[in-house]
Number of protein chains: 2
Amino acid sequence: MAETKKFLLTDKEMPTAWYNIVADMKNKPLPMLNPQTKKPVTKEELCRIFAEELVDQELSQERYIEIPEQVQDIYKMWRCTPLVRATGLEKALDTPAKIFFKNESVSPAGSHKPNSAVPQAYYNAKQGIARIATETGAGQWGTALSFASSLFNLDLRVYMVKVSYNQKPYRRLMMNAWGADVFASPSDTTEIGRAVLAKDPENHGSLGTAISEAVEMVMKYNENTRYCLGSVLNHVILHQTIIGEESIKQMEMAGCEPDTVVACVGGGSNFGGMAFPFLRKNLTEGKNINIIAVEPESCPKLTRGVFQYDLGDLSGMTPLIPMYTLGHEFMPADIHAGGLRYHGAGSIISQLVRDKLVNPVAVPQLETFSAGLLFAKTEGIIPAPESTHAIAVGIREALKAKESGEQKTILINLTGHGYVDMYAYEQFLAGKLKNHQIPDEYIAQSISILEKII
Amino acid sequence: MAETKKFLLTDKEMPTAWYNIVADMKNKPLPMLNPQTKKPVTKEELCRIFAEELVDQELSQERYIEIPEQVQDIYKMWRCTPLVRATGLEKALDTPAKIFFKNESVSPAGSHKPNSAVPQAYYNAKQGIARIATETGAGQWGTALSFASSLFNLDLRVYMVKVSYNQKPYRRLMMNAWGADVFASPSDTTEIGRAVLAKDPENHGSLGTAISEAVEMVMKYNENTRYCLGSVLNHVILHQTIIGEESIKQMEMAGCEPDTVVACVGGGSNFGGMAFPFLRKNLTEGKNINIIAVEPESCPKLTRGVFQYDLGDLSGMTPLIPMYTLGHEFMPADIHAGGLRYHGAGSIISQLVRDKLVNPVAVPQLETFSAGLLFAKTEGIIPAPESTHAIAVGIREALKAKESGEQKTILINLTGHGYVDMYAYEQFLAGKLKNHQIPDEYIAQSISILEKII
């Protein structure tokens, strides 16, 4: 009889609490600062932007936070997601390593993003908020929040980076199908958008600008409007820990423990979601799991950035965040893993990298697409360009194990599918993509802006 | 504690045999005929087109046919698929009915099609066939066979109906990613294609033309080339019965039996796959499950066609098939459920409709998209336009149950997701779609062609 390939949890086996790694960190992450006063932001200040219970989670040091029952019920639309033994990939690589992947692509939006979109919509609705605003780069977060908003009858406004708005019509249409209003950013609906357009009418937009627009819109409206963010912040990553909590149970079903856990990093939400529960084993049980954070070579904040307070957006609408950053004006090359083009990483992840508890690796674009196609051919899922980064490093680790003859166990987080990113694969197959190594001078110049910050 | 929403089977619980309903039919389906001799086609004739073991299955009267172990292993990449209680939809409809759906959208190609693509590729490879050819309309079958061919290193040529080739670039790109060669049909690579283009250079193509091109290509090449079809034929529907076999086990887990089973019909493969195992209960256990086959009002072969021998393609490359048909030159309106635009239904399904064992219903396009959006909002999956037909009738049945106060149990087959069909939803949301009732005169004229057939 063939080996079991998929490890599934029933609805009743779904974890009922999120894990807050701050409780177990020796060096706690530094606080966010008010960009004007340079003092730690207060709960009151944050509550003008975010729903109150999300702010409580953002500042919490509790180890476990219970998942509200209504959120659990919605999670069960697609969770628990499968843990899959990648036997096809193992065979193709002829490796003694066991490779597993967690398949987050089976969600309504096709990625891990609904794990946080649903509780964010829930807490906003619970507080009586009627309208929320957000930004989206690659479109996965915007899609997820559109889905979640439709469940709670929240009015949603999405500022979508213009280049994605034009290149990814299907993502925009998914948001429309779930009832969201989508604006190409920079837009003429905000002062910041109008200012950017006045300087450069052809501006393609950036995540920094889109965040600024969404926050400005929220600040301008009345009490009934709040902002939601899809990554970077502690409460967002908290919600994603359901991924790692499920994976721990499923790896136990498979009868093994990972030696290596690999996930890609944009702001850090899928990475933290998968890695933090395993990192708990390192921090509290004396385990030594190798936790790898993969970033694109074109946006190398963890491997080549500096640890510094920086803005989360372009124009200073957000608090200052302590993070590994390339500077908030860093313009990454127009790579196809749009979700990984953010200039900084969340404060918890940055602290963990600083403390050498997480190992960052940067990979070139062409290697990631080759890895993605091999995965599609052997495991039957065309991965999102973001996910291919984790797969590429999973493959590197499996080939290392082949070289050394070790029977390592590798766990990869598959954040989403690439069905609506096929244009990127077409470009790759046509030989039109390239690698984007960033010159030292550009990084130095981009980081120099931080001197003005604090 | 909330009710269980998802019913999952482990790898070990996956059914190991396909169900051949012919064994249990009192009135067996009529044989296919050679269009020249008008005599039943022989195994030898079919073996020039199809791999031998597939021909054996096509002609088999065995009740169960074992699924090869290698096919089972590949099925486990995504199977068993979830059976989901549609609690969100139930609540929105305020119905006492219990609604379940089988989620076939989680497969590599995003639909039920790989259930047959994998065994077809397997049997061809086993026989030493090096190259296969097929056609695709909406693109789901072509995608599925591309995936399956890549697993068995088969060279694949896909003739894709030109209107889809142009409208659905993402589908084509998925095929390319899995290594298939895709041609817009009519193409200049076959005599039939060239003849169509000579008459009408702007011809948009049809499934009938694409089938003719693929079969011509196979007949022209040497021994090492065979043809594959994604629906209509007995062996294709046979492979799909894994859907219904799993569903029976999962409905038992849920503690109930469906009163009504609903699936859409193009050639009949998802319909037969879901319905036949439940129909077995009607045929052999005296049950009385209402089996509903849903077709688009714009292509109403089961509700307004005739039962007759007809060609499967445009130009007579295929055997004559006994079926409910609108005539092989019937040109359905350019609706967005491309998978349901075929002029006829498979011979088994046609016989079952003739014997009143299956109840056909035709639904208008606008109702189906409304149903699809309600499903997306309540169950979190944007359904393929084909699947929305089954959902629309599932909703009708749930509303009937509300009216009568009956606690009916309804099971819907969700054949696939609509991630790469978002253009259709955009058109619907923009008010650009319409219903397409076919005038009696056009049907009469279209059917009149059959007089020449036999």
# chains A, B, ... in the order shown; residues from 1 in each chain; ligands from 1

$ interface_residues --of "chain A" --to "chain B" --cutoff "6 Å" --atoms "only C-alpha atoms" --output "PyMOL selection string"
chain A and resi 108+170+380-381+422

$ residues_around --residues "segment 291-294 of chain A" --least-positions-apart "3" --cutoff "7 Å" --atoms "only C-alpha atoms" --output "list in words"
Thr260, Val261, Val262, Ala263, Cys264, Val265, Phe271, Ala275, Val358, Asn359, Pro360, Val361, Ala362, His389 and Ala390 of chain A

$ select_by_dssp --residues "segment 250-405 of chain B" --states "helix (DSSP H, G or I)" --output "PyMOL selection string"
chain B and resi 250-253+269-285+301-304+338-340+347-354+365-379+385-404

$ atom_distance --atom1 "atom CA of Ile248 of chain B" --atom2 "atom CA of Asn290 of chain B"
14.9 Å

$ residues_around --residues "Asn20 of chain B" --least-positions-apart "4" --cutoff "10 Å" --atoms "only C-alpha atoms" --output "ChimeraX atom specification"
/B:24-25,57-58,60-65,234-235,237-239,241,276-277,280

$ atom_distance --atom1 "atom CA of Glu295 of chain B" --atom2 "atom CA of Val363 of chain B"
6.4 Å

$ residues_around --residues "Asp259 of chain A" --least-positions-apart "4" --cutoff "12 Å" --atoms "only C-alpha atoms" --output "MDAnalysis selection string"
chainID A and resid 97:100 251 278:279 281:282 287:292 394 397:398 401 406:412

$ write_last_selection --atoms "N, CA and C atoms" --output "mmCIF file, in the first residue's frame"
data_model
loop_
_atom_site.group_PDB
_atom_site.id
_atom_site.type_symbol
_atom_site.label_atom_id
_atom_site.label_comp_id
_atom_site.auth_asym_id
_atom_site.auth_seq_id
_atom_site.Cartn_x
_atom_site.Cartn_y
_atom_site.Cartn_z
ATOM 1 N N ALA A 97 15.563 13.331 1.549
ATOM 2 C CA ALA A 97 14.785 14.208 2.435
ATOM 3 C C ALA A 97 13.299 13.950 2.267
ATOM 4 N N LYS A 98 12.568 14.093 3.368
ATOM 5 C CA LYS A 98 11.109 14.103 3.288
ATOM 6 C C LYS A 98 10.673 15.553 3.172
ATOM 7 N N ILE A 99 9.890 15.840 2.129
ATOM 8 C CA ILE A 99 9.411 17.211 1.940
ATOM 9 C C ILE A 99 7.900 17.244 2.182
ATOM 10 N N PHE A 100 7.471 18.148 3.013
ATOM 11 C CA PHE A 100 6.040 18.368 3.243
ATOM 12 C C PHE A 100 5.705 19.803 2.845
ATOM 13 N N MET A 251 2.065 17.264 11.353
ATOM 14 C CA MET A 251 3.384 16.615 11.313
ATOM 15 C C MET A 251 3.419 15.463 12.319
ATOM 16 N N PHE A 278 6.441 26.724 15.459
ATOM 17 C CA PHE A 278 7.610 25.830 15.487
ATOM 18 C C PHE A 278 8.754 26.478 16.270
ATOM 19 N N LEU A 279 8.866 27.787 16.157
ATOM 20 C CA LEU A 279 9.892 28.511 16.904
ATOM 21 C C LEU A 279 9.649 28.375 18.412
ATOM 22 N N LYS A 281 8.868 25.775 19.869
ATOM 23 C CA LYS A 281 9.581 24.558 20.270
ATOM 24 C C LYS A 281 11.048 24.860 20.518
ATOM 25 N N ASN A 282 11.636 25.726 19.689
ATOM 26 C CA ASN A 282 13.040 26.122 19.916
ATOM 27 C C ASN A 282 13.176 26.928 21.207
ATOM 28 N N LYS A 287 14.319 22.658 21.292
ATOM 29 C CA LYS A 287 14.508 22.093 19.945
ATOM 30 C C LYS A 287 15.436 22.996 19.124
ATOM 31 N N ASN A 288 15.842 22.485 17.978
ATOM 32 C CA ASN A 288 16.763 23.255 17.145
ATOM 33 C C ASN A 288 16.327 23.222 15.682
ATOM 34 N N ILE A 289 15.072 23.578 15.448
ATOM 35 C CA ILE A 289 14.543 23.574 14.083
ATOM 36 C C ILE A 289 15.116 24.778 13.336
ATOM 37 N N ASN A 290 15.576 24.516 12.105
ATOM 38 C CA ASN A 290 16.132 25.588 11.278
ATOM 39 C C ASN A 290 14.984 26.355 10.623
ATOM 40 N N ILE A 291 14.808 27.610 11.024
ATOM 41 C CA ILE A 291 13.680 28.412 10.538
ATOM 42 C C ILE A 291 14.213 29.380 9.484
ATOM 43 N N ILE A 292 13.793 29.174 8.226
ATOM 44 C CA ILE A 292 14.350 29.965 7.125
ATOM 45 C C ILE A 292 13.309 30.946 6.570
ATOM 46 N N GLY A 394 13.294 25.335 -0.271
ATOM 47 C CA GLY A 394 13.012 23.950 0.126
ATOM 48 C C GLY A 394 13.777 22.977 -0.760
ATOM 49 N N GLU A 397 17.452 22.948 0.090
ATOM 50 C CA GLU A 397 17.697 22.168 1.308
ATOM 51 C C GLU A 397 17.620 20.665 1.020
ATOM 52 N N ALA A 398 16.671 20.281 0.150
ATOM 53 C CA ALA A 398 16.530 18.857 -0.189
ATOM 54 C C ALA A 398 17.752 18.366 -0.967
ATOM 55 N N ALA A 401 20.577 17.846 1.394
ATOM 56 C CA ALA A 401 20.390 16.574 2.117
ATOM 57 C C ALA A 401 20.822 15.402 1.239
ATOM 58 N N GLU A 406 21.733 12.900 4.284
ATOM 59 C CA GLU A 406 20.912 12.981 5.505
ATOM 60 C C GLU A 406 19.423 12.858 5.177
ATOM 61 N N GLN A 407 18.673 12.204 6.052
ATOM 62 C CA GLN A 407 17.230 12.077 5.833
ATOM 63 C C GLN A 407 16.487 13.198 6.543
ATOM 64 N N LYS A 408 16.738 14.416 6.089
ATOM 65 C CA LYS A 408 16.122 15.605 6.690
ATOM 66 C C LYS A 408 14.625 15.649 6.404
ATOM 67 N N THR A 409 13.893 16.329 7.278
ATOM 68 C CA THR A 409 12.479 16.591 7.032
ATOM 69 C C THR A 409 12.292 18.097 6.857
ATOM 70 N N ILE A 410 11.738 18.450 5.693
ATOM 71 C CA ILE A 410 11.615 19.865 5.319
ATOM 72 C C ILE A 410 10.139 20.216 5.193
ATOM 73 N N LEU A 411 9.742 21.305 5.798
ATOM 74 C CA LEU A 411 8.352 21.757 5.721
ATOM 75 C C LEU A 411 8.301 23.129 5.044
ATOM 76 N N ILE A 412 7.518 23.194 3.962
ATOM 77 C CA ILE A 412 7.403 24.425 3.166
ATOM 78 C C ILE A 412 5.992 24.995 3.315
#

$ decode --residues "segment 7-38 of chain A" --atoms "C-alpha atoms" --output "short mmCIF file (atom, residue, chain, number, x, y, z; two decimals), in the first residue's frame"
data_model
loop_
_atom_site.label_atom_id
_atom_site.label_comp_id
_atom_site.auth_asym_id
_atom_site.auth_seq_id
_atom_site.Cartn_x
_atom_site.Cartn_y
_atom_site.Cartn_z
CA PHE A 7 -2.65 14.65 6.44
CA LEU A 8 -6.04 16.12 7.26
CA LEU A 9 -7.60 17.46 10.43
CA THR A 10 -11.34 17.36 11.00
CA ASP A 11 -13.36 20.46 11.93
CA LYS A 12 -13.25 19.34 15.55
CA GLU A 13 -9.47 19.06 15.54
CA MET A 14 -8.98 22.66 14.42
CA PRO A 15 -6.85 24.68 16.88
CA THR A 16 -8.99 27.11 18.89
CA ALA A 17 -6.33 29.66 19.86
CA TRP A 18 -3.77 31.81 18.07
CA TYR A 19 -0.19 31.85 19.38
CA ASN A 20 1.46 35.11 20.40
CA ILE A 21 5.22 34.54 20.26
CA VAL A 22 5.91 37.80 22.12
CA ALA A 23 5.13 35.92 25.33
CA ASP A 24 8.11 33.63 24.74
CA MET A 25 10.64 36.14 23.36
CA LYS A 26 13.53 37.00 25.65
CA ASN A 27 14.14 40.24 23.77
CA LYS A 28 10.70 41.69 23.22
CA PRO A 29 10.12 43.66 20.02
CA LEU A 30 10.60 47.41 20.46
CA PRO A 31 7.41 49.47 20.58
CA MET A 32 6.03 51.37 17.60
CA LEU A 33 6.54 55.13 17.90
CA ASN A 34 4.40 58.12 17.07
CA PRO A 35 6.25 59.72 14.11
CA GLN A 36 5.67 63.25 15.50
CA THR A 37 6.46 62.80 19.21
CA LYS A 38 8.82 59.80 18.77
#
